[in-house]
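What follows is a short report on a single structure.
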Amino acid sequence: MNPSSFTAPTIPSHPLTVPWPIVHQKGQRVVPHHLLFSSFLSHRCLWMGWHMVSPSNDTVSRGFFLQGFSEFPHLRPLLFLLLLTVHLATLSGNLLILVAVASVPSRPPMLLFLCQLSSIEFCYTLVVVPRSLADLASPTLGRGSPISFLGCAFQMQMFVALGGAECFLLAAMAYDRYVAICHPLNYAAVVTPGLCARLALACCLGGLVVSVGITVAVFHLPFCGSHLLVHFFCDITALLHLACTRSYADELPLLGTCLLLLLLPSMLILASYGAIAAALRRLRSSGSRRKAVSTCASHLAVTFLHYGCATFIYVRPKASYSPRRDRTLALVYTNVTPLLYPLIYSLRNREITAAIRRVLGRWRPGPRQGQSV
């Protein structure tokens, strides 16, 4: 066959196709069939890869839409008033504990940990609830309330960081109870204010590191289709439900990180309370045993609430997600449980109760000058 009589096949025009370097004049080189076909495939794959990546770029530019509770227009005013009341009560309760602890001249280590816990809960509600209240107060939008890509990532990162810091802090508080009950004579020498400060800093840094890793893992997933989050804030479950993960293996790194965040502190808590239970069995006095149990009751109640909600929500595969059910559960653990924590500690901790009474006594109006008491 004469090469000069060869005619190259016609290639359809393509957005990413470069001019084909084929010349058919006599005496010049002709590109073989297999090179033409491979070149066509490479350009075709590049074009397809570009359009496969484009949803992520589109997500970065467009962001997301928070549906909130826009499908219940008649319940929005009632829900707004309810959330506002709970939010103000939560902020007031945690702020009262902070002021009460600050007013104590000599603060035991447990009060320092409790002060940090109230600070975390105070910020925890500020990350989620004000935005939700603003969306409830705004007029109903067609696709929900818009939120930018970076704004959504920042909200989720702060939410996970505060939740992770609380996980580690509950483990530190369990260690404090272990030393107080199992080694009471060495408690003042072991649990010093310096150790409390280092533990508090480690809890915050641990929560920050884990939150950055989880946020990067979530927002590196491809998001396709609708950008509507059936939620009132950028939660992990809502974003994973929107992600285009095709297999369970894509979720394993993220699921493993969440499991590690919950498993490591919970193992420390279980070890601490295992040693406490063994020490209580050796106590002969029922009064001493009852007093030791009462000092751990409030911490155990908060631990069960926090770890129970977090484990049920986050340590499960994507196939079991139900956006509307998860949104209702999130409404409970972002509003109700932060309100319960100050109530639990103020009712169970005598030092906190006495400090709150002193603070409230200072705020009461005293008798005027010249008026008999």
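Identifiers for the structure tokens are assigned positionally: chains receive A, B, ... in sequence, residues are indexed from 1 per chain, and ligands are indexed from 1 in the order shown.
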
Can you pull out the residues contacting A:Arg324? Cut-off 12 Å, using only C-alpha atoms, and skip same-chain residues under 4 positions away; I want them as an mmCIF file with N, CA, C and O atoms, in the first residue's frame.
data_model
loop_
_atom_site.group_PDB
_atom_site.id
_atom_site.type_symbol
_atom_site.label_atom_id
_atom_site.label_comp_id
_atom_site.auth_asym_id
_atom_site.auth_seq_id
_atom_site.Cartn_x
_atom_site.Cartn_y
_atom_site.Cartn_z
ATOM 1 N N GLN A 67 -31.232 24.256 54.246
ATOM 2 C CA GLN A 67 -32.690 24.215 54.200
ATOM 3 C C GLN A 67 -33.308 24.643 55.519
ATOM 4 O O GLN A 67 -34.354 25.282 55.549
ATOM 5 N N GLY A 68 -32.644 24.299 56.627
ATOM 6 C CA GLY A 68 -33.194 24.646 57.927
ATOM 7 C C GLY A 68 -34.550 23.989 58.135
ATOM 8 O O GLY A 68 -34.702 22.778 57.969
ATOM 9 N N PHE A 69 -35.538 24.822 58.490
ATOM 10 C CA PHE A 69 -36.902 24.323 58.684
ATOM 11 C C PHE A 69 -37.862 25.081 57.768
ATOM 12 O O PHE A 69 -38.991 25.403 58.162
ATOM 13 N N GLU A 71 -39.460 24.075 55.253
ATOM 14 C CA GLU A 71 -40.640 23.334 54.809
ATOM 15 C C GLU A 71 -41.776 23.379 55.831
ATOM 16 O O GLU A 71 -42.851 22.819 55.593
ATOM 17 N N LEU A 229 -28.416 21.376 51.678
ATOM 18 C CA LEU A 229 -28.191 20.608 52.896
ATOM 19 C C LEU A 229 -29.485 20.585 53.700
ATOM 20 O O LEU A 229 -29.998 21.635 54.096
ATOM 21 N N VAL A 230 -30.015 19.387 53.931
ATOM 22 C CA VAL A 230 -31.240 19.256 54.733
ATOM 23 C C VAL A 230 -30.835 19.330 56.198
ATOM 24 O O VAL A 230 -30.845 18.339 56.934
ATOM 25 N N HIS A 231 -30.468 20.527 56.620
ATOM 26 C CA HIS A 231 -29.963 20.747 57.977
ATOM 27 C C HIS A 231 -30.006 22.236 58.254
ATOM 28 O O HIS A 231 -30.228 23.046 57.341
ATOM 29 N N PHE A 232 -29.785 22.612 59.536
ATOM 30 C CA PHE A 232 -29.761 24.023 59.876
ATOM 31 C C PHE A 232 -28.338 24.521 60.138
ATOM 32 O O PHE A 232 -28.149 25.693 60.471
ATOM 33 N N THR A 237 -22.787 14.821 58.935
ATOM 34 C CA THR A 237 -23.720 13.885 58.321
ATOM 35 C C THR A 237 -24.419 14.489 57.112
ATOM 36 O O THR A 237 -24.627 13.810 56.096
ATOM 37 N N ALA A 238 -24.781 15.766 57.203
ATOM 38 C CA ALA A 238 -25.455 16.410 56.069
ATOM 39 C C ALA A 238 -24.533 16.532 54.873
ATOM 40 O O ALA A 238 -24.947 16.331 53.723
ATOM 41 N N HIS A 241 -23.964 13.086 53.303
ATOM 42 C CA HIS A 241 -25.140 12.668 52.545
ATOM 43 C C HIS A 241 -25.174 13.314 51.159
ATOM 44 O O HIS A 241 -25.716 12.750 50.203
ATOM 45 N N THR A 328 -33.393 16.559 63.327
ATOM 46 C CA THR A 328 -34.132 16.633 64.585
ATOM 47 C C THR A 328 -33.239 16.277 65.771
ATOM 48 O O THR A 328 -33.284 16.937 66.821
ATOM 49 N N LEU A 329 -32.425 15.236 65.619
ATOM 50 C CA LEU A 329 -31.494 14.873 66.694
ATOM 51 C C LEU A 329 -30.471 15.979 66.934
ATOM 52 O O LEU A 329 -30.111 16.256 68.084
ATOM 53 N N ALA A 330 -30.002 16.611 65.852
ATOM 54 C CA ALA A 330 -29.044 17.711 66.015
ATOM 55 C C ALA A 330 -29.675 18.882 66.752
ATOM 56 O O ALA A 330 -29.001 19.598 67.502
ATOM 57 N N LEU A 331 -30.977 19.085 66.546
ATOM 58 C CA LEU A 331 -31.669 20.139 67.270
ATOM 59 C C LEU A 331 -31.638 19.887 68.772
ATOM 60 O O LEU A 331 -31.587 20.826 69.574
#

How close does each residue of stretch 293-368 of chain A get to stretch 117-131 of chain A, giving the shortest atom pair and distance in Å to one decimal for every residue with an atom at most 8 Å away, counting only C-alpha atoms, sorted by chain and residue number, as a Markdown table?
| residue | atom | partner | partner_atom | distance |
| --- | --- | --- | --- | --- |
| A:Thr334 | CA | A:Thr125 | CA | 6.6 |
| A:Asn335 | CA | A:Thr125 | CA | 7.1 |
| A:Pro338 | CA | A:Glu121 | CA | 6.0 |
| A:Pro342 | CA | A:Ser118 | CA | 7.6 |

Problem set entry | Residue contacts of stretch 215-218 of chain A (7 Å, only C-alpha atoms) excluding same-chain residues fewer than 3 positions away, as a ChimeraX atom specification | /A:153,156-157,211-212,221,254

Okay, now the selection with all heavy atoms, as a PDB file, in the first residue's frame?
ATOM      1  N   ALA A 153     -17.219  25.368  55.744  1.00  0.00           N
ATOM      2  CA  ALA A 153     -16.067  24.635  56.278  1.00  0.00           C
ATOM      3  C   ALA A 153     -15.650  25.184  57.637  1.00  0.00           C
ATOM      4  O   ALA A 153     -15.315  24.413  58.555  1.00  0.00           O
ATOM      5  CB  ALA A 153     -14.900  24.717  55.286  1.00  0.00           C
ATOM      6  N   MET A 156     -18.188  24.042  60.358  1.00  0.00           N
ATOM      7  CA  MET A 156     -18.021  22.643  60.718  1.00  0.00           C
ATOM      8  C   MET A 156     -16.731  22.417  61.498  1.00  0.00           C
ATOM      9  O   MET A 156     -16.699  21.644  62.456  1.00  0.00           O
ATOM     10  CB  MET A 156     -18.030  21.774  59.464  1.00  0.00           C
ATOM     11  CG  MET A 156     -18.260  20.301  59.760  1.00  0.00           C
ATOM     12  SD  MET A 156     -17.835  19.210  58.404  1.00  0.00           S
ATOM     13  CE  MET A 156     -16.071  19.038  58.676  1.00  0.00           C
ATOM     14  N   GLN A 157     -15.667  23.116  61.112  1.00  0.00           N
ATOM     15  CA  GLN A 157     -14.392  22.949  61.808  1.00  0.00           C
ATOM     16  C   GLN A 157     -14.491  23.418  63.258  1.00  0.00           C
ATOM     17  O   GLN A 157     -13.998  22.752  64.172  1.00  0.00           O
ATOM     18  CB  GLN A 157     -13.304  23.720  61.064  1.00  0.00           C
ATOM     19  CG  GLN A 157     -11.888  23.445  61.537  1.00  0.00           C
ATOM     20  CD  GLN A 157     -11.439  24.428  62.606  1.00  0.00           C
ATOM     21  OE1 GLN A 157     -11.880  25.572  62.605  1.00  0.00           O
ATOM     22  NE2 GLN A 157     -10.571  23.982  63.489  1.00  0.00           N
ATOM     23  N   SER A 211     -10.222  18.326  64.349  1.00  0.00           N
ATOM     24  CA  SER A 211     -11.220  19.040  63.544  1.00  0.00           C
ATOM     25  C   SER A 211     -10.664  19.446  62.189  1.00  0.00           C
ATOM     26  O   SER A 211     -11.379  19.389  61.177  1.00  0.00           O
ATOM     27  CB  SER A 211     -11.712  20.275  64.299  1.00  0.00           C
ATOM     28  OG  SER A 211     -10.676  21.238  64.426  1.00  0.00           O
ATOM     29  N   VAL A 212      -9.404  19.855  62.153  1.00  0.00           N
ATOM     30  CA  VAL A 212      -8.800  20.212  60.865  1.00  0.00           C
ATOM     31  C   VAL A 212      -8.720  18.988  59.957  1.00  0.00           C
ATOM     32  O   VAL A 212      -9.040  19.056  58.757  1.00  0.00           O
ATOM     33  CB  VAL A 212      -7.410  20.834  61.082  1.00  0.00           C
ATOM     34  CG1 VAL A 212      -6.663  20.987  59.757  1.00  0.00           C
ATOM     35  CG2 VAL A 212      -7.536  22.194  61.763  1.00  0.00           C
ATOM     36  N   LEU A 221     -14.104  15.597  49.491  1.00  0.00           N
ATOM     37  CA  LEU A 221     -15.001  14.677  48.800  1.00  0.00           C
ATOM     38  C   LEU A 221     -15.692  15.404  47.642  1.00  0.00           C
ATOM     39  O   LEU A 221     -15.941  16.609  47.719  1.00  0.00           O
ATOM     40  CB  LEU A 221     -16.051  14.142  49.769  1.00  0.00           C
ATOM     41  CG  LEU A 221     -15.543  13.279  50.928  1.00  0.00           C
ATOM     42  CD1 LEU A 221     -16.685  12.962  51.881  1.00  0.00           C
ATOM     43  CD2 LEU A 221     -14.917  11.993  50.410  1.00  0.00           C
ATOM     44  N   LEU A 254     -12.616   8.771  57.202  1.00  0.00           N
ATOM     45  CA  LEU A 254     -13.375   9.717  58.006  1.00  0.00           C
ATOM     46  C   LEU A 254     -14.048   9.022  59.182  1.00  0.00           C
ATOM     47  O   LEU A 254     -14.044   9.523  60.313  1.00  0.00           O
ATOM     48  CB  LEU A 254     -14.415  10.412  57.127  1.00  0.00           C
ATOM     49  CG  LEU A 254     -15.233  11.510  57.790  1.00  0.00           C
ATOM     50  CD1 LEU A 254     -14.327  12.636  58.265  1.00  0.00           C
ATOM     51  CD2 LEU A 254     -16.276  12.043  56.825  1.00  0.00           C
TER      52      LEU A 254
END

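Look at A:Cys152: the protein and nucleic acid residues within 8 Å of it, using only C-alpha atoms and passing over chain neighbours fewer than 2 places away, are Gly63, Phe64, Ile147, Ser148, Phe149, Leu150, Phe154, Gln155, Met156, Phe233 and Cys234 of chain A.
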
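Atom pair atom CA of A:Ala197 / atom CA of A:Gln116: separated by 10.1 Å.
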
For this session: Quick one: pull the distance between atom CA of A:Ile214 and atom CA of A:Pro265, Å, one decimal.
Result: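 Rounded to one decimal, the two atoms are 17.2 Å apart.
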